[in-house]
>>> print(open('model10.txt').read())   # compact mmCIF, N, CA and C atoms
# COMPACT_ATOMS: atom_id res chain seq x y z
N MET H 193 71.88 -29.81 -32.75
CA MET H 193 70.53 -30.16 -33.18
C MET H 193 70.18 -29.33 -34.42
N THR H 194 69.64 -29.99 -35.43
CA THR H 194 69.28 -29.28 -36.66
C THR H 194 67.85 -28.77 -36.56
N ALA H 195 67.60 -27.68 -37.24
CA ALA H 195 66.26 -27.09 -37.24
C ALA H 195 65.33 -27.92 -38.12
N SER H 196 64.06 -27.88 -37.80
CA SER H 196 63.06 -28.59 -38.59
C SER H 196 62.92 -27.95 -39.96
N PRO H 197 62.67 -28.76 -40.98
CA PRO H 197 62.44 -28.19 -42.32
C PRO H 197 61.25 -27.24 -42.33
N ARG H 198 61.37 -26.21 -43.12
CA ARG H 198 60.30 -25.22 -43.31
C ARG H 198 59.93 -25.28 -44.78
N ILE H 199 58.72 -25.70 -45.05
CA ILE H 199 58.30 -25.98 -46.42
C ILE H 199 57.31 -24.92 -46.89
N LEU H 200 57.65 -24.28 -47.99
CA LEU H 200 56.76 -23.33 -48.65
C LEU H 200 56.14 -24.08 -49.82
N ALA H 201 54.84 -24.36 -49.73
CA ALA H 201 54.16 -25.17 -50.75
C ALA H 201 53.40 -24.28 -51.72
N LEU H 202 53.69 -24.44 -53.00
CA LEU H 202 52.98 -23.71 -54.04
C LEU H 202 51.72 -24.50 -54.37
N PHE H 203 50.59 -24.02 -53.91
CA PHE H 203 49.32 -24.75 -54.03
C PHE H 203 48.32 -23.87 -54.76
N GLY H 204 48.61 -23.60 -56.04
CA GLY H 204 47.82 -22.65 -56.80
C GLY H 204 46.68 -23.23 -57.60
N THR H 205 46.24 -24.40 -57.25
CA THR H 205 45.15 -25.02 -57.99
C THR H 205 43.80 -24.46 -57.53
N ARG H 206 42.81 -24.58 -58.39
CA ARG H 206 41.45 -24.13 -58.06
C ARG H 206 40.54 -25.30 -57.71
N VAL H 207 40.98 -26.51 -57.95
CA VAL H 207 40.14 -27.69 -57.78
C VAL H 207 40.76 -28.62 -56.74
N LEU H 208 39.99 -29.59 -56.33
CA LEU H 208 40.45 -30.54 -55.33
C LEU H 208 40.21 -31.95 -55.86
N PHE H 209 41.16 -32.43 -56.66
CA PHE H 209 41.09 -33.77 -57.24
C PHE H 209 42.13 -34.65 -56.58
N GLY H 210 42.52 -35.73 -57.25
CA GLY H 210 43.46 -36.70 -56.68
C GLY H 210 44.82 -36.13 -56.32
N ALA H 211 45.44 -35.43 -57.24
CA ALA H 211 46.78 -34.89 -56.98
C ALA H 211 46.75 -33.88 -55.85
N GLU H 212 45.72 -33.06 -55.83
CA GLU H 212 45.61 -32.05 -54.78
C GLU H 212 45.41 -32.70 -53.41
N ARG H 213 44.52 -33.68 -53.34
CA ARG H 213 44.29 -34.39 -52.07
C ARG H 213 45.54 -35.12 -51.61
N ALA H 214 46.23 -35.76 -52.54
CA ALA H 214 47.45 -36.49 -52.19
C ALA H 214 48.52 -35.53 -51.67
N ASN H 215 48.64 -34.37 -52.27
CA ASN H 215 49.65 -33.41 -51.81
C ASN H 215 49.27 -32.79 -50.48
N ILE H 216 47.98 -32.61 -50.23
CA ILE H 216 47.56 -32.18 -48.89
C ILE H 216 47.94 -33.24 -47.87
N ASP H 217 47.75 -34.52 -48.22
CA ASP H 217 48.16 -35.61 -47.33
C ASP H 217 49.66 -35.57 -47.06
N VAL H 218 50.45 -35.35 -48.11
CA VAL H 218 51.91 -35.28 -47.97
C VAL H 218 52.29 -34.13 -47.04
N LEU H 219 51.73 -32.96 -47.30
CA LEU H 219 52.06 -31.78 -46.49
C LEU H 219 51.62 -31.95 -45.04
N ALA H 220 50.44 -32.55 -44.83
CA ALA H 220 49.97 -32.80 -43.46
C ALA H 220 50.87 -33.81 -42.75
N ALA H 221 51.32 -34.83 -43.47
CA ALA H 221 52.23 -35.82 -42.88
C ALA H 221 53.56 -35.18 -42.50
N LEU H 222 54.06 -34.29 -43.35
CA LEU H 222 55.30 -33.58 -43.02
C LEU H 222 55.11 -32.70 -41.78
N LYS H 223 53.96 -32.04 -41.71
CA LYS H 223 53.67 -31.19 -40.54
C LYS H 223 53.60 -32.03 -39.27
N GLU H 224 52.97 -33.19 -39.36
CA GLU H 224 52.87 -34.10 -38.20
C GLU H 224 54.24 -34.57 -37.74
N ARG H 225 55.20 -34.60 -38.64
CA ARG H 225 56.55 -35.05 -38.31
C ARG H 225 57.48 -33.90 -37.93
N GLY H 226 56.89 -32.71 -37.72
CA GLY H 226 57.67 -31.60 -37.19
C GLY H 226 58.06 -30.52 -38.18
N CYS H 227 57.70 -30.66 -39.43
CA CYS H 227 58.01 -29.62 -40.40
C CYS H 227 57.03 -28.46 -40.24
N GLU H 228 57.50 -27.28 -40.53
CA GLU H 228 56.60 -26.13 -40.59
C GLU H 228 56.21 -25.96 -42.06
N VAL H 229 54.91 -25.89 -42.32
CA VAL H 229 54.40 -25.84 -43.70
C VAL H 229 53.56 -24.58 -43.88
N LEU H 230 53.82 -23.86 -44.96
CA LEU H 230 53.02 -22.71 -45.36
C LEU H 230 52.66 -22.87 -46.83
N CYS H 231 51.37 -22.88 -47.14
CA CYS H 231 50.89 -23.05 -48.50
C CYS H 231 50.55 -21.70 -49.12
N LEU H 232 50.99 -21.49 -50.35
CA LEU H 232 50.63 -20.29 -51.08
C LEU H 232 49.51 -20.64 -52.04
N ILE H 233 48.33 -20.03 -51.80
CA ILE H 233 47.15 -20.34 -52.60
C ILE H 233 46.78 -19.14 -53.46
N ARG H 234 45.90 -19.37 -54.42
CA ARG H 234 45.43 -18.30 -55.30
C ARG H 234 44.69 -17.24 -54.50
N ASP H 235 44.84 -15.99 -54.91
CA ASP H 235 44.21 -14.88 -54.20
C ASP H 235 42.80 -14.58 -54.74
N GLU H 236 42.06 -15.62 -55.03
CA GLU H 236 40.70 -15.47 -55.54
C GLU H 236 39.71 -15.70 -54.41
N ASP H 237 38.89 -14.69 -54.13
CA ASP H 237 37.95 -14.77 -53.02
C ASP H 237 36.85 -15.80 -53.22
N TRP H 238 36.50 -16.08 -54.46
CA TRP H 238 35.38 -16.99 -54.72
C TRP H 238 35.72 -18.44 -54.41
N ASN H 239 36.98 -18.80 -54.39
CA ASN H 239 37.37 -20.19 -54.20
C ASN H 239 37.68 -20.46 -52.74
N ASP H 240 36.72 -21.08 -52.04
CA ASP H 240 36.96 -21.42 -50.64
C ASP H 240 37.24 -22.91 -50.45
N VAL H 241 37.26 -23.68 -51.54
CA VAL H 241 37.50 -25.13 -51.44
C VAL H 241 38.91 -25.42 -50.95
N ILE H 242 39.90 -24.80 -51.57
CA ILE H 242 41.30 -25.08 -51.22
C ILE H 242 41.64 -24.58 -49.82
N PRO H 243 41.32 -23.32 -49.47
CA PRO H 243 41.64 -22.90 -48.09
C PRO H 243 40.94 -23.75 -47.04
N SER H 244 39.71 -24.16 -47.31
CA SER H 244 38.97 -25.00 -46.35
C SER H 244 39.65 -26.35 -46.18
N ALA H 245 40.08 -26.95 -47.29
CA ALA H 245 40.73 -28.26 -47.22
C ALA H 245 42.07 -28.17 -46.49
N LEU H 246 42.82 -27.10 -46.73
CA LEU H 246 44.10 -26.94 -46.04
C LEU H 246 43.89 -26.68 -44.56
N SER H 247 42.96 -25.80 -44.24
CA SER H 247 42.68 -25.48 -42.83
C SER H 247 42.18 -26.71 -42.08
N ALA H 248 41.39 -27.54 -42.73
CA ALA H 248 40.87 -28.75 -42.08
C ALA H 248 41.99 -29.70 -41.67
N ARG H 249 43.11 -29.65 -42.37
CA ARG H 249 44.27 -30.49 -42.04
C ARG H 249 45.30 -29.75 -41.20
N GLY H 250 44.97 -28.53 -40.77
CA GLY H 250 45.87 -27.77 -39.91
C GLY H 250 47.02 -27.12 -40.65
N LEU H 251 46.88 -26.93 -41.96
CA LEU H 251 47.95 -26.33 -42.76
C LEU H 251 47.72 -24.84 -42.93
N ALA H 252 48.75 -24.06 -42.66
CA ALA H 252 48.67 -22.60 -42.81
C ALA H 252 48.73 -22.24 -44.29
N TRP H 253 48.12 -21.12 -44.63
CA TRP H 253 48.13 -20.67 -46.02
C TRP H 253 48.09 -19.15 -46.08
N GLN H 254 48.60 -18.65 -47.20
CA GLN H 254 48.53 -17.23 -47.52
C GLN H 254 48.18 -17.11 -48.99
N LYS H 255 47.50 -16.01 -49.33
CA LYS H 255 47.09 -15.79 -50.71
C LYS H 255 48.17 -15.05 -51.49
N VAL H 256 48.34 -15.49 -52.74
CA VAL H 256 49.35 -14.94 -53.65
C VAL H 256 48.74 -14.91 -55.05
N SER H 257 49.18 -13.97 -55.87
CA SER H 257 48.73 -13.93 -57.27
C SER H 257 49.40 -15.03 -58.07
N TYR H 258 48.61 -15.78 -58.80
CA TYR H 258 49.07 -16.78 -59.76
C TYR H 258 48.62 -16.34 -61.14
N ILE H 259 49.37 -16.72 -62.17
CA ILE H 259 48.90 -16.44 -63.51
C ILE H 259 47.86 -17.49 -63.89
N ASP H 260 47.01 -17.14 -64.85
CA ASP H 260 45.96 -18.05 -65.31
C ASP H 260 46.44 -18.81 -66.52
N GLY H 261 46.06 -20.08 -66.58
CA GLY H 261 46.28 -20.87 -67.78
C GLY H 261 45.21 -20.55 -68.80
N TRP H 262 45.37 -21.07 -69.99
CA TRP H 262 44.44 -20.77 -71.07
C TRP H 262 43.10 -21.46 -70.85
N LEU H 263 42.04 -20.68 -70.88
CA LEU H 263 40.68 -21.19 -70.88
C LEU H 263 39.90 -20.47 -71.98
N PRO H 264 38.99 -21.17 -72.65
CA PRO H 264 38.21 -20.50 -73.69
C PRO H 264 37.48 -19.28 -73.13
N GLY H 265 37.54 -18.18 -73.87
CA GLY H 265 36.87 -16.96 -73.44
C GLY H 265 37.68 -16.08 -72.50
N TRP H 266 38.88 -16.52 -72.13
CA TRP H 266 39.69 -15.76 -71.17
C TRP H 266 40.82 -14.98 -71.84
N ARG H 267 40.78 -14.80 -73.15
CA ARG H 267 41.87 -14.14 -73.87
C ARG H 267 42.21 -12.78 -73.26
N MET H 268 41.22 -11.92 -73.09
CA MET H 268 41.49 -10.59 -72.56
C MET H 268 41.96 -10.65 -71.11
N ARG H 269 41.36 -11.53 -70.31
CA ARG H 269 41.79 -11.69 -68.91
C ARG H 269 43.27 -12.08 -68.85
N ILE H 270 43.64 -13.02 -69.69
CA ILE H 270 45.03 -13.49 -69.69
C ILE H 270 45.98 -12.40 -70.17
N LEU H 271 45.60 -11.71 -71.24
CA LEU H 271 46.47 -10.67 -71.78
C LEU H 271 46.62 -9.48 -70.83
N LEU H 272 45.55 -9.13 -70.14
CA LEU H 272 45.60 -7.96 -69.27
C LEU H 272 46.05 -8.29 -67.85
N ARG H 273 45.61 -9.42 -67.33
CA ARG H 273 45.87 -9.73 -65.92
C ARG H 273 47.20 -10.46 -65.70
N ASN H 274 47.55 -11.40 -66.59
CA ASN H 274 48.72 -12.24 -66.33
C ASN H 274 50.03 -11.49 -66.13
N PRO H 275 50.35 -10.47 -66.93
CA PRO H 275 51.62 -9.78 -66.67
C PRO H 275 51.68 -9.14 -65.28
N ILE H 276 50.58 -8.57 -64.85
CA ILE H 276 50.52 -7.95 -63.52
C ILE H 276 50.59 -9.02 -62.44
N ALA H 277 49.82 -10.10 -62.61
CA ALA H 277 49.82 -11.19 -61.64
C ALA H 277 51.19 -11.85 -61.54
N PHE H 278 51.88 -11.97 -62.67
CA PHE H 278 53.21 -12.58 -62.69
C PHE H 278 54.19 -11.78 -61.84
N ILE H 279 54.21 -10.49 -62.05
CA ILE H 279 55.13 -9.63 -61.29
C ILE H 279 54.72 -9.59 -59.81
N ALA H 280 53.43 -9.37 -59.55
CA ALA H 280 52.95 -9.29 -58.17
C ALA H 280 53.18 -10.61 -57.42
N GLY H 281 52.92 -11.73 -58.09
CA GLY H 281 53.10 -13.03 -57.46
C GLY H 281 54.54 -13.32 -57.10
N ASN H 282 55.46 -12.98 -58.01
CA ASN H 282 56.88 -13.20 -57.74
C ASN H 282 57.40 -12.30 -56.63
N LEU H 283 56.97 -11.05 -56.61
CA LEU H 283 57.37 -10.15 -55.53
C LEU H 283 56.82 -10.63 -54.19
N ARG H 284 55.57 -11.08 -54.18
CA ARG H 284 54.95 -11.59 -52.95
C ARG H 284 55.66 -12.86 -52.48
N PHE H 285 56.00 -13.75 -53.42
CA PHE H 285 56.74 -14.96 -53.08
C PHE H 285 58.05 -14.59 -52.38
N LEU H 286 58.79 -13.66 -52.95
CA LEU H 286 60.08 -13.27 -52.36
C LEU H 286 59.89 -12.65 -50.97
N SER H 287 58.83 -11.87 -50.80
CA SER H 287 58.55 -11.27 -49.50
C SER H 287 58.21 -12.34 -48.45
N ILE H 288 57.37 -13.28 -48.84
CA ILE H 288 56.99 -14.36 -47.92
C ILE H 288 58.21 -15.23 -47.62
N ALA H 289 59.00 -15.53 -48.63
CA ALA H 289 60.20 -16.36 -48.43
C ALA H 289 61.19 -15.68 -47.50
N ARG H 290 61.32 -14.37 -47.62
CA ARG H 290 62.22 -13.63 -46.74
C ARG H 290 61.75 -13.74 -45.29
N GLU H 291 60.45 -13.66 -45.08
CA GLU H 291 59.89 -13.72 -43.73
C GLU H 291 59.84 -15.15 -43.18
N PHE H 292 59.37 -16.09 -44.00
CA PHE H 292 59.17 -17.48 -43.57
C PHE H 292 60.48 -18.27 -43.54
N ARG H 293 61.45 -17.92 -44.37
CA ARG H 293 62.74 -18.59 -44.47
C ARG H 293 62.61 -20.10 -44.72
N PRO H 294 61.98 -20.48 -45.83
CA PRO H 294 61.80 -21.91 -46.10
C PRO H 294 63.12 -22.60 -46.42
N THR H 295 63.20 -23.86 -46.04
CA THR H 295 64.34 -24.68 -46.42
C THR H 295 64.08 -25.37 -47.76
N HIS H 296 62.79 -25.52 -48.11
CA HIS H 296 62.39 -26.17 -49.35
C HIS H 296 61.12 -25.54 -49.90
N VAL H 297 60.97 -25.60 -51.20
CA VAL H 297 59.72 -25.23 -51.86
C VAL H 297 59.14 -26.52 -52.43
N HIS H 298 57.86 -26.75 -52.17
CA HIS H 298 57.18 -27.96 -52.64
C HIS H 298 56.13 -27.57 -53.68
N THR H 299 56.07 -28.33 -54.75
CA THR H 299 55.00 -28.15 -55.73
C THR H 299 54.73 -29.48 -56.42
N PHE H 300 53.61 -29.53 -57.11
CA PHE H 300 53.23 -30.74 -57.82
C PHE H 300 52.70 -30.43 -59.21
N ASN H 301 52.99 -29.22 -59.69
CA ASN H 301 52.44 -28.80 -60.97
C ASN H 301 53.49 -27.94 -61.69
N GLN H 302 53.87 -28.37 -62.89
CA GLN H 302 54.92 -27.66 -63.61
C GLN H 302 54.49 -26.26 -64.04
N PHE H 303 53.22 -26.03 -64.29
CA PHE H 303 52.75 -24.69 -64.65
C PHE H 303 52.95 -23.73 -63.48
N ILE H 304 52.74 -24.22 -62.27
CA ILE H 304 52.93 -23.39 -61.09
C ILE H 304 54.40 -23.03 -60.91
N ILE H 305 55.30 -23.91 -61.30
CA ILE H 305 56.73 -23.58 -61.26
C ILE H 305 57.00 -22.39 -62.17
N LEU H 306 56.38 -22.39 -63.35
CA LEU H 306 56.58 -21.28 -64.28
C LEU H 306 56.04 -19.97 -63.73
N CYS H 307 54.96 -20.04 -62.94
CA CYS H 307 54.39 -18.82 -62.33
C CYS H 307 55.42 -18.10 -61.47
N PHE H 308 56.28 -18.86 -60.81
CA PHE H 308 57.22 -18.29 -59.84
C PHE H 308 58.68 -18.53 -60.22
N LEU H 309 58.94 -18.82 -61.48
CA LEU H 309 60.30 -19.15 -61.90
C LEU H 309 61.32 -18.07 -61.56
N PRO H 310 61.06 -16.79 -61.84
CA PRO H 310 62.08 -15.79 -61.46
C PRO H 310 62.38 -15.79 -59.96
N ALA H 311 61.34 -15.85 -59.12
CA ALA H 311 61.55 -15.85 -57.68
C ALA H 311 62.26 -17.11 -57.22
N LEU H 312 61.94 -18.24 -57.82
CA LEU H 312 62.62 -19.49 -57.46
C LEU H 312 64.10 -19.42 -57.82
N LEU H 313 64.41 -18.85 -58.98
CA LEU H 313 65.82 -18.73 -59.38
C LEU H 313 66.57 -17.74 -58.51
N ILE H 314 65.94 -16.64 -58.16
CA ILE H 314 66.58 -15.63 -57.31
C ILE H 314 66.82 -16.17 -55.90
N SER H 315 65.82 -16.85 -55.35
CA SER H 315 65.90 -17.30 -53.96
C SER H 315 66.83 -18.50 -53.78
N LYS H 316 66.98 -19.31 -54.81
CA LYS H 316 67.83 -20.51 -54.77
C LYS H 316 67.41 -21.50 -53.68
N ILE H 317 66.13 -21.49 -53.33
CA ILE H 317 65.61 -22.45 -52.35
C ILE H 317 65.41 -23.78 -53.07
N PRO H 318 65.87 -24.89 -52.49
CA PRO H 318 65.69 -26.19 -53.15
C PRO H 318 64.21 -26.48 -53.42
N LEU H 319 63.95 -27.01 -54.61
CA LEU H 319 62.59 -27.29 -55.06
C LEU H 319 62.34 -28.79 -54.99
N VAL H 320 61.22 -29.18 -54.37
CA VAL H 320 60.79 -30.56 -54.32
C VAL H 320 59.54 -30.66 -55.18
N TYR H 321 59.60 -31.49 -56.22
CA TYR H 321 58.47 -31.67 -57.14
C TYR H 321 57.88 -33.05 -56.87
N ASN H 322 56.63 -33.07 -56.46
CA ASN H 322 55.94 -34.33 -56.20
C ASN H 322 55.12 -34.69 -57.44
N CYS H 323 55.45 -35.81 -58.02
CA CYS H 323 54.81 -36.23 -59.26
C CYS H 323 53.93 -37.44 -58.96
N GLY H 324 52.64 -37.33 -59.25
CA GLY H 324 51.74 -38.45 -59.06
C GLY H 324 50.66 -38.16 -58.06
N ASP H 325 49.68 -39.05 -57.97
CA ASP H 325 48.52 -38.83 -57.12
C ASP H 325 48.58 -39.57 -55.79
N LYS H 326 49.61 -40.35 -55.55
CA LYS H 326 49.69 -41.10 -54.30
C LYS H 326 50.66 -40.43 -53.35
N PRO H 327 50.30 -40.33 -52.06
CA PRO H 327 51.22 -39.72 -51.10
C PRO H 327 52.46 -40.58 -50.87
>>> encode(input="model10.txt", output="structure tokens")
Amino acid sequence: MTASPRILALFGTRVLFGAERANIDVLAALKERGCEVLCLIRDEDWNDVIPSALSARGLAWQKVSYIDGWLPGWRMRILLRNPIAFIAGNLRFLSIAREFRPTHVHTFNQFIILCFLPALLISKIPLVYNCGDKP
């Protein structure tokens, strides 16, 4: 008998639009079919939309540092915070992956792949990229 897939989902978005809702549907459907799913969300205390949406569907989550994309007025935040967040996020990813032992990493955003590229390359866990807004 083979073990059920264990999916580590990179869910570093701050908003809940079509792609995010569709990926929550995908992850919930996988969980309903016996997969173990753990979502890695941004470690920002102010954003309770994503953790609430994941919890409402019965999906487990843990907070991890993500780097920030470019936003007007965020130059200093990006220059000062991103290098630290990049290192901390990758180390945390590797720690969680060691403990959770995922069979696959799921993401739907290419920027999020870049956030964890060193850890993804080191861990050699197969990556599943979901492209599009439909489950």
>>> select_by_dssp(input="model10.txt", residues="region 273-320 of chain H", states="strand (DSSP E or B)", output="JSON, numbers by chain")
{"H": [296, 297, 298, 299, 319, 320]}
>>> write_last_selection(input="model10.txt", atoms="N, CA and C atoms", output="PDB file, keeping the file's coordinate frame")
ATOM      1  N   HIS H 296      62.790 -25.520 -48.110  1.00  0.00           N
ATOM      2  CA  HIS H 296      62.390 -26.170 -49.350  1.00  0.00           C
ATOM      3  C   HIS H 296      61.120 -25.540 -49.900  1.00  0.00           C
ATOM      4  N   VAL H 297      60.970 -25.600 -51.200  1.00  0.00           N
ATOM      5  CA  VAL H 297      59.720 -25.230 -51.860  1.00  0.00           C
ATOM      6  C   VAL H 297      59.140 -26.520 -52.430  1.00  0.00           C
ATOM      7  N   HIS H 298      57.860 -26.750 -52.170  1.00  0.00           N
ATOM      8  CA  HIS H 298      57.180 -27.960 -52.640  1.00  0.00           C
ATOM      9  C   HIS H 298      56.130 -27.570 -53.680  1.00  0.00           C
ATOM     10  N   THR H 299      56.070 -28.330 -54.750  1.00  0.00           N
ATOM     11  CA  THR H 299      55.000 -28.150 -55.730  1.00  0.00           C
ATOM     12  C   THR H 299      54.730 -29.480 -56.420  1.00  0.00           C
ATOM     13  N   LEU H 319      63.950 -27.010 -54.610  1.00  0.00           N
ATOM     14  CA  LEU H 319      62.590 -27.290 -55.060  1.00  0.00           C
ATOM     15  C   LEU H 319      62.340 -28.790 -54.990  1.00  0.00           C
ATOM     16  N   VAL H 320      61.220 -29.180 -54.370  1.00  0.00           N
ATOM     17  CA  VAL H 320      60.790 -30.560 -54.320  1.00  0.00           C
ATOM     18  C   VAL H 320      59.540 -30.660 -55.180  1.00  0.00           C
TER      19      VAL H 320
END
>>> closest_residue(input="model10.txt", among="H:Cys323, H:Ala245, H:Leu202, H:Leu271", to="Ile305 (chain H)", atoms="all atoms listed in the file")
H:Leu202
>>> select_by_dssp(input="model10.txt", residues="region 222-261 of chain H", states="helix (DSSP H, G or I)", output="list in words")
Leu222, Lys223, Glu224, Val241, Ile242, Pro243, Ser244, Ala245, Leu246, Ser247 and Ala248 of chain H
>>> residues_near_point(input="model10.txt", point="(58.7, -32.7, -37.9)", cutoff="6 Å", atoms="all atoms listed in the file", output="JSON, numbers by chain")
{"H": [222, 223, 224, 225, 226, 227]}
>>> atom_distance(input="model10.txt", atom1="CA of Ser196 (chain H)", atom2="CA of Glu228 (chain H)")
7.2 Å
>>> axis_aligned_box(input="model10.txt", around="region 293-308 of chain H", padding_each_side="4 Å", output="JSON")
{"center_x": 58.4, "center_y": -24.3, "center_z": -54.5, "size_x": 19.9, "size_y": 20.8, "size_z": 28.3}
>>> atom_distance(input="model10.txt", atom1="CA of Ala289 (chain H)", atom2="CA of Tyr321 (chain H)")
17.7 Å
>>> closest_residue(input="model10.txt", among="H:His298, H:Asn215, H:Phe203, H:Leu286", to="Leu313 (chain H)", atoms="only C-alpha atoms")
H:Leu286
>>> closest_residue(input="model10.txt", among="H:Ser315, H:Asn322, H:Ser244, H:Ser257", to="Gly281 (chain H)", atoms="only N, CA and C atoms")
H:Ser257
>>> atom_distance(input="model10.txt", atom1="CA of Arg290 (chain H)", atom2="CA of Ala252 (chain H)")
16.7 Å
>>> closest_residue(input="model10.txt", among="H:Leu272, H:Ala221, H:Leu246, H:Ile304", to="Tyr258 (chain H)", atoms="all atoms listed in the file")
H:Ile304
>>> residues_around(input="model10.txt", residues="Asp260 (chain H)", least_positions_apart="6", cutoff="8 Å", atoms="all atoms listed in the file", output="ChimeraX atom specification")
/H:269-270,273-275,277-278,307
>>> residues_near_point(input="model10.txt", point="(59.9, -15.1, -55.8)", cutoff="6 Å", atoms="only N, CA and C atoms", output="count of residues only")
10
>>> closest_residue(input="model10.txt", among="H:His296, H:Arg206, H:Arg213, H:Arg234", to="Pro318 (chain H)", atoms="only N, CA and C atoms")
H:His296
>>> closest_residue(input="model10.txt", among="H:Ile288, H:Gln254, H:Ala195, H:Ala201", to="Val320 (chain H)", atoms="only C-alpha atoms")
H:Ala201
